[in-house]
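K.L.:
So that we are looking at the same thing, I have put the structure below in structure tokens.
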Amino acid sequence: WSRRYLTISGTLTQSGNPDIAENIIVTDSSIEAGDVVMLDSDFQGTEPYNKAAGKKADVSYSSKLLGVISTDPGIILNAPKSSITDDKRSHNNERPLVLSGRVPVKIDSESEAISVGDFLTSSNKPGYAKKATKSGYVIGKALENWNVGGPDKIDLFVNLIYYFGPAESNISWNDQLDILASRSKTQSNALLELRQEFRSEIDALKVRLDRLEK
């Protein structure tokens with residue numbers, strides 16, 4: 001085996017499944033297609049492209065969300081070198097994480113009803129998704145309706161972003177930026193007040209030290 005490079009000038013067309021995925025290390029061998037995964041904070045790898053690993057997501061709206069495991073990716077990155085000859089696309093300790101596209105995702109049976117276009121986030125049930133009902137990190141948009149008692153999986157358009165919540169989702173981007181700026185200003189004002197308190201305490205200590213020196 002030797003390294004080769006493919007350079008394309010123009011358009012690349014593929015007729016396989018509609019998602020692009022990358023192999024990532026997982027710390028749970030039971031992880032399978034459709035599982036929602038997040039970073040495993042206990043894993044510390046040494047390989048350049050394998051310093052992080054995934055586990056089943058079990059915290060809703062977590063900032064450690066990675067996304068969904070692909071069923072059969074149309075394009076896969078970071079595949080084993082041996083896949084050229086044996087067609088094995090992932091090592092035993094790896095799973096294909098969807099980077100972009102459409103993919104089936106597991107739905108928690110206790111989720112609220114889902115409509116097409118609703119944002120989905122991780123559930124507290126390991127590996128499952130649910131409807132996002134407040135601000136936080138989400139894994140994408142539902143492409144199918146779902147009601148309690150419905151199928152175990154529905155199609156999802158993967159889009160890992162921070163969701164502003166139903167109360168703010170219909171607000172324009174400019175207004176959302178104003179909201180963020182207002183929150184930042186509030187935090188900045190609180191820091192300024194705290195800094196002023198520290199300065200007052202320092203000034204008071206200086207006065208006491210001057211008195212002691214005299």
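We label chains A, B, ... in the order they appear in the structure tokens, count residues from 1 in each chain, and number ligands from 1 in the order shown.
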Determine, counting only C-alpha atoms, which protein, DNA and RNA residues have an atom within 8 Å of an atom of Thr27 in chain A; residues of the same chain fewer than 3 positions away are not included. Present the result as a PDB file with N, CA, C and O atoms, in the first residue's frame.
P.N.:
ATOM      1  N   ASP A  40     -16.580  11.923  25.111  1.00  0.00           N
ATOM      2  CA  ASP A  40     -16.291  11.209  26.355  1.00  0.00           C
ATOM      3  C   ASP A  40     -15.130  11.919  27.033  1.00  0.00           C
ATOM      4  O   ASP A  40     -13.989  11.829  26.585  1.00  0.00           O
ATOM      5  N   PHE A  43     -11.764  10.095  28.014  1.00  0.00           N
ATOM      6  CA  PHE A  43     -10.849   9.546  27.009  1.00  0.00           C
ATOM      7  C   PHE A  43      -9.790  10.570  26.627  1.00  0.00           C
ATOM      8  O   PHE A  43     -10.088  11.737  26.377  1.00  0.00           O
ATOM      9  N   ALA A  53     -12.914  10.892  21.744  1.00  0.00           N
ATOM     10  CA  ALA A  53     -13.757   9.722  21.497  1.00  0.00           C
ATOM     11  C   ALA A  53     -15.197  10.053  21.841  1.00  0.00           C
ATOM     12  O   ALA A  53     -15.482  11.005  22.582  1.00  0.00           O
ATOM     13  N   GLY A  54     -16.106   9.262  21.291  1.00  0.00           N
ATOM     14  CA  GLY A  54     -17.518   9.485  21.548  1.00  0.00           C
ATOM     15  C   GLY A  54     -18.124   8.412  22.432  1.00  0.00           C
ATOM     16  O   GLY A  54     -17.637   7.283  22.491  1.00  0.00           O
ATOM     17  N   LYS A  55     -19.194   8.778  23.097  1.00  0.00           N
ATOM     18  CA  LYS A  55     -19.997   7.836  23.866  1.00  0.00           C
ATOM     19  C   LYS A  55     -21.466   8.205  23.645  1.00  0.00           C
ATOM     20  O   LYS A  55     -21.770   9.268  23.077  1.00  0.00           O
ATOM     21  N   ASN A  93     -13.296  -0.363  16.933  1.00  0.00           N
ATOM     22  CA  ASN A  93     -13.509   0.642  17.986  1.00  0.00           C
ATOM     23  C   ASN A  93     -13.918   1.998  17.409  1.00  0.00           C
ATOM     24  O   ASN A  93     -13.824   3.022  18.088  1.00  0.00           O
TER      25      ASN A  93
END
K.L.:
Write out as a ChimeraX atom specification each polymer residue whose atoms come within 6 Å of range 148-153 of chain A, counting only C-alpha atoms; drop sequence neighbours fewer than 6 positions from it.
P.N.:
/A:104-107
K.L.:
Let's have the selection written as a CSV table (one decimal), in the first residue's frame, with N, CA and C atoms.
P.N.:
chain,number,residue,atom,x,y,z
A,104,PRO,N,-31.0,8.6,9.6
A,104,PRO,CA,-32.0,8.1,10.6
A,104,PRO,C,-31.4,8.3,12.0
A,105,VAL,N,-32.3,8.8,13.0
A,105,VAL,CA,-31.9,8.9,14.4
A,105,VAL,C,-32.9,8.3,15.3
A,106,LYS,N,-32.4,7.7,16.4
A,106,LYS,CA,-33.3,7.1,17.4
A,106,LYS,C,-34.0,8.2,18.2
A,107,ILE,N,-35.3,7.9,18.4
A,107,ILE,CA,-36.2,8.9,19.1
A,107,ILE,C,-36.6,8.3,20.5
K.L.:
Would you mind telling me which residue in A:Arg195, A:Lys141, A:Lys206, A:Arg95 lies nearest to Ile114 in chain A when using only C-alpha atoms?
P.N.:
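Smallest distance to Ile114 in chain A is found for A:Lys141.
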K.L.:
With distances taken over only C-alpha atoms, which residue among A:Glu22, A:Asp118, A:Glu213, A:Glu197 lies nearest Leu66 in chain A?
P.N.:
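Ranking A:Glu22, A:Asp118, A:Glu213, A:Glu197 by distance to Leu66 in chain A, first place goes to A:Glu22.
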K.L.:
Determine which residues of range 26-202 of chain A receive a DSSP assignment of helix (DSSP H, G or I), computed from the backbone, and state them as an MDAnalysis selection string.
P.N.:
chainID A and resid 83:86 173:202
K.L.:
Kindly export the residues of the current selection with N, CA, C and O atoms, as a compact mmCIF listing (two decimals), in the first residue's frame.
P.N.:
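In the end it all went to out.txt:
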# COMPACT_ATOMS: atom_id res chain seq x y z
N SER A 83 -9.39 -0.69 4.05
CA SER A 83 -10.73 -0.67 3.43
C SER A 83 -10.65 -0.71 1.91
O SER A 83 -11.62 -1.06 1.25
N ILE A 84 -9.48 -0.34 1.37
CA ILE A 84 -9.30 -0.37 -0.08
C ILE A 84 -9.39 -1.80 -0.61
O ILE A 84 -9.89 -2.05 -1.70
N THR A 85 -8.96 -2.75 0.22
CA THR A 85 -8.94 -4.14 -0.23
C THR A 85 -10.01 -5.02 0.40
O THR A 85 -10.53 -5.93 -0.25
N ASP A 86 -10.34 -4.76 1.68
CA ASP A 86 -11.30 -5.66 2.35
C ASP A 86 -12.69 -5.05 2.52
O ASP A 86 -13.59 -5.70 3.06
N TRP A 173 -32.29 37.41 12.99
CA TRP A 173 -30.91 37.26 13.45
C TRP A 173 -30.41 38.53 14.12
O TRP A 173 -29.70 38.48 15.12
N ASN A 174 -30.80 39.68 13.59
CA ASN A 174 -30.37 40.95 14.19
C ASN A 174 -30.88 41.07 15.62
O ASN A 174 -30.16 41.50 16.52
N ASP A 175 -32.16 40.68 15.81
CA ASP A 175 -32.73 40.75 17.16
C ASP A 175 -32.07 39.74 18.09
O ASP A 175 -31.85 40.01 19.27
N GLN A 176 -31.74 38.55 17.54
CA GLN A 176 -31.07 37.55 18.36
C GLN A 176 -29.68 38.05 18.78
O GLN A 176 -29.25 37.83 19.91
N LEU A 177 -29.00 38.72 17.86
CA LEU A 177 -27.69 39.29 18.20
C LEU A 177 -27.84 40.36 19.27
O LEU A 177 -26.99 40.48 20.16
N ASP A 178 -28.93 41.14 19.17
CA ASP A 178 -29.19 42.17 20.20
C ASP A 178 -29.41 41.53 21.56
O ASP A 178 -28.96 42.04 22.60
N ILE A 179 -30.12 40.36 21.54
CA ILE A 179 -30.37 39.65 22.80
C ILE A 179 -29.06 39.18 23.41
O ILE A 179 -28.79 39.35 24.61
N LEU A 180 -28.18 38.59 22.55
CA LEU A 180 -26.88 38.13 23.04
C LEU A 180 -26.05 39.29 23.54
O LEU A 180 -25.37 39.19 24.57
N ALA A 181 -26.10 40.42 22.80
CA ALA A 181 -25.33 41.59 23.21
C ALA A 181 -25.82 42.11 24.55
O ALA A 181 -25.03 42.52 25.40
N SER A 182 -27.14 42.10 24.73
CA SER A 182 -27.72 42.56 25.99
C SER A 182 -27.28 41.68 27.15
O SER A 182 -26.94 42.17 28.23
N ARG A 183 -27.27 40.35 26.89
CA ARG A 183 -26.83 39.42 27.95
C ARG A 183 -25.36 39.64 28.27
O ARG A 183 -24.96 39.64 29.44
N SER A 184 -24.56 39.86 27.22
CA SER A 184 -23.14 40.10 27.42
C SER A 184 -22.92 41.39 28.20
O SER A 184 -22.04 41.48 29.06
N LYS A 185 -23.73 42.42 27.86
CA LYS A 185 -23.60 43.71 28.55
C LYS A 185 -23.93 43.56 30.03
O LYS A 185 -23.26 44.12 30.89
N THR A 186 -24.97 42.78 30.30
CA THR A 186 -25.35 42.54 31.70
C THR A 186 -24.22 41.86 32.46
O THR A 186 -23.89 42.23 33.59
N GLN A 187 -23.61 40.86 31.81
CA GLN A 187 -22.49 40.15 32.45
C GLN A 187 -21.30 41.09 32.64
O GLN A 187 -20.62 41.05 33.66
N SER A 188 -21.06 41.94 31.62
CA SER A 188 -19.94 42.89 31.71
C SER A 188 -20.15 43.88 32.84
O SER A 188 -19.22 44.20 33.58
N ASN A 189 -21.39 44.36 32.98
CA ASN A 189 -21.70 45.29 34.06
C ASN A 189 -21.48 44.65 35.42
O ASN A 189 -20.97 45.27 36.36
N ALA A 190 -21.85 43.36 35.52
CA ALA A 190 -21.65 42.65 36.78
C ALA A 190 -20.17 42.52 37.09
O ALA A 190 -19.74 42.67 38.25
N LEU A 191 -19.34 42.26 36.07
CA LEU A 191 -17.89 42.16 36.27
C LEU A 191 -17.30 43.51 36.68
O LEU A 191 -16.41 43.57 37.53
N LEU A 192 -17.81 44.59 36.07
CA LEU A 192 -17.33 45.93 36.42
C LEU A 192 -17.65 46.26 37.87
O LEU A 192 -16.82 46.84 38.59
N GLU A 193 -18.86 45.90 38.30
CA GLU A 193 -19.24 46.14 39.69
C GLU A 193 -18.36 45.34 40.64
O GLU A 193 -17.94 45.84 41.69
N LEU A 194 -18.08 44.08 40.25
CA LEU A 194 -17.23 43.23 41.08
C LEU A 194 -15.81 43.81 41.15
O LEU A 194 -15.19 43.84 42.23
N ARG A 195 -15.31 44.31 40.02
CA ARG A 195 -13.98 44.91 39.99
C ARG A 195 -13.92 46.14 40.88
O ARG A 195 -12.95 46.37 41.59
N GLN A 196 -15.00 46.95 40.84
CA GLN A 196 -15.04 48.15 41.67
C GLN A 196 -15.03 47.79 43.15
O GLN A 196 -14.39 48.46 43.98
N GLU A 197 -15.73 46.71 43.50
CA GLU A 197 -15.74 46.26 44.89
C GLU A 197 -14.34 45.85 45.33
O GLU A 197 -13.90 46.16 46.44
N PHE A 198 -13.63 45.12 44.45
CA PHE A 198 -12.26 44.71 44.76
C PHE A 198 -11.35 45.92 44.95
O PHE A 198 -10.53 45.96 45.87
N ARG A 199 -11.51 46.92 44.07
CA ARG A 199 -10.69 48.12 44.18
C ARG A 199 -10.95 48.84 45.50
O ARG A 199 -10.02 49.33 46.15
N SER A 200 -12.22 48.89 45.91
CA SER A 200 -12.57 49.55 47.17
C SER A 200 -11.94 48.82 48.35
O SER A 200 -11.42 49.44 49.29
N GLU A 201 -11.96 47.48 48.28
CA GLU A 201 -11.37 46.69 49.35
C GLU A 201 -9.85 46.88 49.40
O GLU A 201 -9.25 46.98 50.48
N ILE A 202 -9.23 46.94 48.20
CA ILE A 202 -7.78 47.15 48.13
C ILE A 202 -7.42 48.52 48.69
O ILE A 202 -6.44 48.67 49.45
K.L.:
Record the distance separating CA of Phe157 in chain A and CA of Ser63 in chain A, expressed in Å with one decimal.
P.N.:
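Separation between CA of Phe157 in chain A and CA of Ser63 in chain A: 18.8 Å.
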K.L.:
Give me, as a ChimeraX atom specification, the residues of range 12-212 of chain A that a backbone DSSP run labels strand (DSSP E or B).
P.N.:
/A:19-26,36-39,53-56,65-69,75-77,94-107,114,119-122,129-131,136-142,146,153-163
K.L.:
Please provide as a list in words all residues within 12 Å of Asn159 in chain A, with the sequence filter that same-chain residues fewer than 4 positions apart are discarded (counting only C-alpha atoms).
P.N.:
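The residues satisfying every condition are Asp19, Leu65, Leu66, Gly67, Val68, Val98, Leu99, Ser100, Gly101, Arg102, Val103, Gly117, Asp118, Phe119, Leu120, Thr121, Tyr137, Val138, Ile139, Gly140, Lys141, Ala142 and Tyr163 of chain A.
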K.L.:
Keeping only N, CA and C atoms, write the selected residues as a PDB file, in the first residue's frame.
P.N.:
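Result file is part-v8.pdb:
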ATOM      1  N   ASP A  19     -25.313  11.266   3.009  1.00  0.00           N
ATOM      2  CA  ASP A  19     -24.599  11.833   4.152  1.00  0.00           C
ATOM      3  C   ASP A  19     -23.100  11.603   4.013  1.00  0.00           C
ATOM      4  N   LEU A  65     -22.159  17.634  22.654  1.00  0.00           N
ATOM      5  CA  LEU A  65     -22.794  16.850  21.595  1.00  0.00           C
ATOM      6  C   LEU A  65     -21.913  16.789  20.353  1.00  0.00           C
ATOM      7  N   LEU A  66     -21.854  15.611  19.742  1.00  0.00           N
ATOM      8  CA  LEU A  66     -21.110  15.424  18.496  1.00  0.00           C
ATOM      9  C   LEU A  66     -22.041  15.201  17.307  1.00  0.00           C
ATOM     10  N   GLY A  67     -23.162  14.513  17.534  1.00  0.00           N
ATOM     11  CA  GLY A  67     -24.087  14.260  16.439  1.00  0.00           C
ATOM     12  C   GLY A  67     -24.634  12.850  16.446  1.00  0.00           C
ATOM     13  N   VAL A  68     -24.791  12.291  15.248  1.00  0.00           N
ATOM     14  CA  VAL A  68     -25.468  11.007  15.078  1.00  0.00           C
ATOM     15  C   VAL A  68     -24.573  10.032  14.299  1.00  0.00           C
ATOM     16  N   VAL A  98     -21.839  11.321  11.433  1.00  0.00           N
ATOM     17  CA  VAL A  98     -22.315  12.147  10.316  1.00  0.00           C
ATOM     18  C   VAL A  98     -21.823  13.584  10.473  1.00  0.00           C
ATOM     19  N   LEU A  99     -21.193  14.093   9.431  1.00  0.00           N
ATOM     20  CA  LEU A  99     -20.746  15.484   9.401  1.00  0.00           C
ATOM     21  C   LEU A  99     -21.761  16.378   8.714  1.00  0.00           C
ATOM     22  N   SER A 100     -22.436  15.819   7.711  1.00  0.00           N
ATOM     23  CA  SER A 100     -23.419  16.595   6.953  1.00  0.00           C
ATOM     24  C   SER A 100     -24.351  15.641   6.220  1.00  0.00           C
ATOM     25  N   GLY A 101     -25.608  16.065   6.055  1.00  0.00           N
ATOM     26  CA  GLY A 101     -26.548  15.265   5.297  1.00  0.00           C
ATOM     27  C   GLY A 101     -27.736  14.776   6.111  1.00  0.00           C
ATOM     28  N   ARG A 102     -28.418  13.774   5.584  1.00  0.00           N
ATOM     29  CA  ARG A 102     -29.615  13.206   6.205  1.00  0.00           C
ATOM     30  C   ARG A 102     -29.319  11.820   6.750  1.00  0.00           C
ATOM     31  N   VAL A 103     -29.900  11.512   7.898  1.00  0.00           N
ATOM     32  CA  VAL A 103     -29.598  10.240   8.552  1.00  0.00           C
ATOM     33  C   VAL A 103     -30.743   9.854   9.493  1.00  0.00           C
ATOM     34  N   GLY A 117     -39.386  19.865  10.692  1.00  0.00           N
ATOM     35  CA  GLY A 117     -38.746  21.154  10.916  1.00  0.00           C
ATOM     36  C   GLY A 117     -38.391  21.442  12.365  1.00  0.00           C
ATOM     37  N   ASP A 118     -38.900  20.616  13.298  1.00  0.00           N
ATOM     38  CA  ASP A 118     -38.553  20.810  14.708  1.00  0.00           C
ATOM     39  C   ASP A 118     -37.087  20.475  14.948  1.00  0.00           C
ATOM     40  N   PHE A 119     -36.459  21.221  15.845  1.00  0.00           N
ATOM     41  CA  PHE A 119     -35.089  20.906  16.237  1.00  0.00           C
ATOM     42  C   PHE A 119     -35.098  19.731  17.217  1.00  0.00           C
ATOM     43  N   LEU A 120     -34.091  18.862  17.089  1.00  0.00           N
ATOM     44  CA  LEU A 120     -33.938  17.722  17.998  1.00  0.00           C
ATOM     45  C   LEU A 120     -32.647  17.870  18.789  1.00  0.00           C
ATOM     46  N   THR A 121     -32.685  17.422  20.026  1.00  0.00           N
ATOM     47  CA  THR A 121     -31.497  17.424  20.874  1.00  0.00           C
ATOM     48  C   THR A 121     -31.329  16.040  21.482  1.00  0.00           C
ATOM     49  N   TYR A 137     -27.934  23.230  22.842  1.00  0.00           N
ATOM     50  CA  TYR A 137     -27.345  22.619  21.654  1.00  0.00           C
ATOM     51  C   TYR A 137     -28.274  21.544  21.083  1.00  0.00           C
ATOM     52  N   VAL A 138     -28.370  21.535  19.756  1.00  0.00           N
ATOM     53  CA  VAL A 138     -29.231  20.577  19.061  1.00  0.00           C
ATOM     54  C   VAL A 138     -28.427  19.868  17.977  1.00  0.00           C
ATOM     55  N   ILE A 139     -28.972  18.748  17.480  1.00  0.00           N
ATOM     56  CA  ILE A 139     -28.253  17.949  16.487  1.00  0.00           C
ATOM     57  C   ILE A 139     -28.792  18.141  15.065  1.00  0.00           C
ATOM     58  N   GLY A 140     -29.905  18.840  14.921  1.00  0.00           N
ATOM     59  CA  GLY A 140     -30.448  19.078  13.593  1.00  0.00           C
ATOM     60  C   GLY A 140     -31.955  19.191  13.588  1.00  0.00           C
ATOM     61  N   LYS A 141     -32.538  19.128  12.363  1.00  0.00           N
ATOM     62  CA  LYS A 141     -33.976  19.298  12.179  1.00  0.00           C
ATOM     63  C   LYS A 141     -34.645  17.993  11.745  1.00  0.00           C
ATOM     64  N   ALA A 142     -35.824  17.761  12.313  1.00  0.00           N
ATOM     65  CA  ALA A 142     -36.600  16.572  11.950  1.00  0.00           C
ATOM     66  C   ALA A 142     -37.136  16.709  10.525  1.00  0.00           C
ATOM     67  N   TYR A 163     -29.428  26.293  19.617  1.00  0.00           N
ATOM     68  CA  TYR A 163     -30.817  26.672  19.338  1.00  0.00           C
ATOM     69  C   TYR A 163     -31.271  27.669  20.394  1.00  0.00           C
TER      70      TYR A 163
END
K.L.:
Find the residues near Ser70 in chain A: any atom within 7 Å, counting only C-alpha atoms, skip ones fewer than 4 places away on the same chain, and give them as a PyMOL selection string.
P.N.:
chain A and resi 21+33-34+96-98+103
K.L.:
Go ahead and write the residues just picked, all heavy atoms, as a compact mmCIF listing (two decimals), in the first residue's frame.
P.N.:
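The new file again-v5.txt reads:
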# COMPACT_ATOMS: atom_id res chain seq x y z
N ALA A 21 -19.69 11.19 6.39
CA ALA A 21 -19.35 10.81 7.76
C ALA A 21 -17.84 10.69 7.95
O ALA A 21 -17.10 10.56 6.98
CB ALA A 21 -20.03 9.50 8.15
N ALA A 33 -25.78 2.42 14.57
CA ALA A 33 -26.40 3.38 13.67
C ALA A 33 -27.63 4.03 14.32
O ALA A 33 -28.46 3.34 14.92
CB ALA A 33 -26.81 2.69 12.37
N GLY A 34 -27.71 5.35 14.21
CA GLY A 34 -28.85 6.08 14.76
C GLY A 34 -28.65 6.61 16.16
O GLY A 34 -29.46 7.40 16.65
N PRO A 96 -18.97 5.61 12.22
CA PRO A 96 -19.03 6.76 11.32
C PRO A 96 -19.97 7.85 11.84
O PRO A 96 -21.19 7.67 11.89
CB PRO A 96 -19.55 6.15 10.02
CG PRO A 96 -20.36 4.96 10.44
CD PRO A 96 -19.70 4.43 11.68
N LEU A 97 -19.41 8.98 12.22
CA LEU A 97 -20.18 10.12 12.72
C LEU A 97 -20.56 11.01 11.55
O LEU A 97 -19.71 11.43 10.77
CB LEU A 97 -19.35 10.91 13.73
CG LEU A 97 -19.95 12.23 14.23
CD1 LEU A 97 -21.12 11.94 15.16
CD2 LEU A 97 -18.89 13.07 14.93
N VAL A 98 -21.84 11.32 11.43
CA VAL A 98 -22.32 12.15 10.32
C VAL A 98 -21.82 13.58 10.47
O VAL A 98 -22.00 14.22 11.51
CB VAL A 98 -23.85 12.13 10.23
CG1 VAL A 98 -24.32 13.01 9.08
CG2 VAL A 98 -24.36 10.72 10.04
N VAL A 103 -29.90 11.51 7.90
CA VAL A 103 -29.60 10.24 8.55
C VAL A 103 -30.74 9.85 9.49
O VAL A 103 -31.39 10.72 10.08
CB VAL A 103 -28.27 10.36 9.36
CG1 VAL A 103 -28.42 11.34 10.49
CG2 VAL A 103 -27.80 9.02 9.86
K.L.:
What is the CA of Lys125 in chain A to CA of Glu112 in chain A distance in Å?
P.N.:
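Distance between the two atoms: 13.9 Å.
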K.L.:
Neighbours of Lys64 in chain A within 7 Å (only C-alpha atoms; same-chain residues fewer than 2 positions away dropped), as number ranges by chain?
P.N.:
A: 38-39, 62, 66
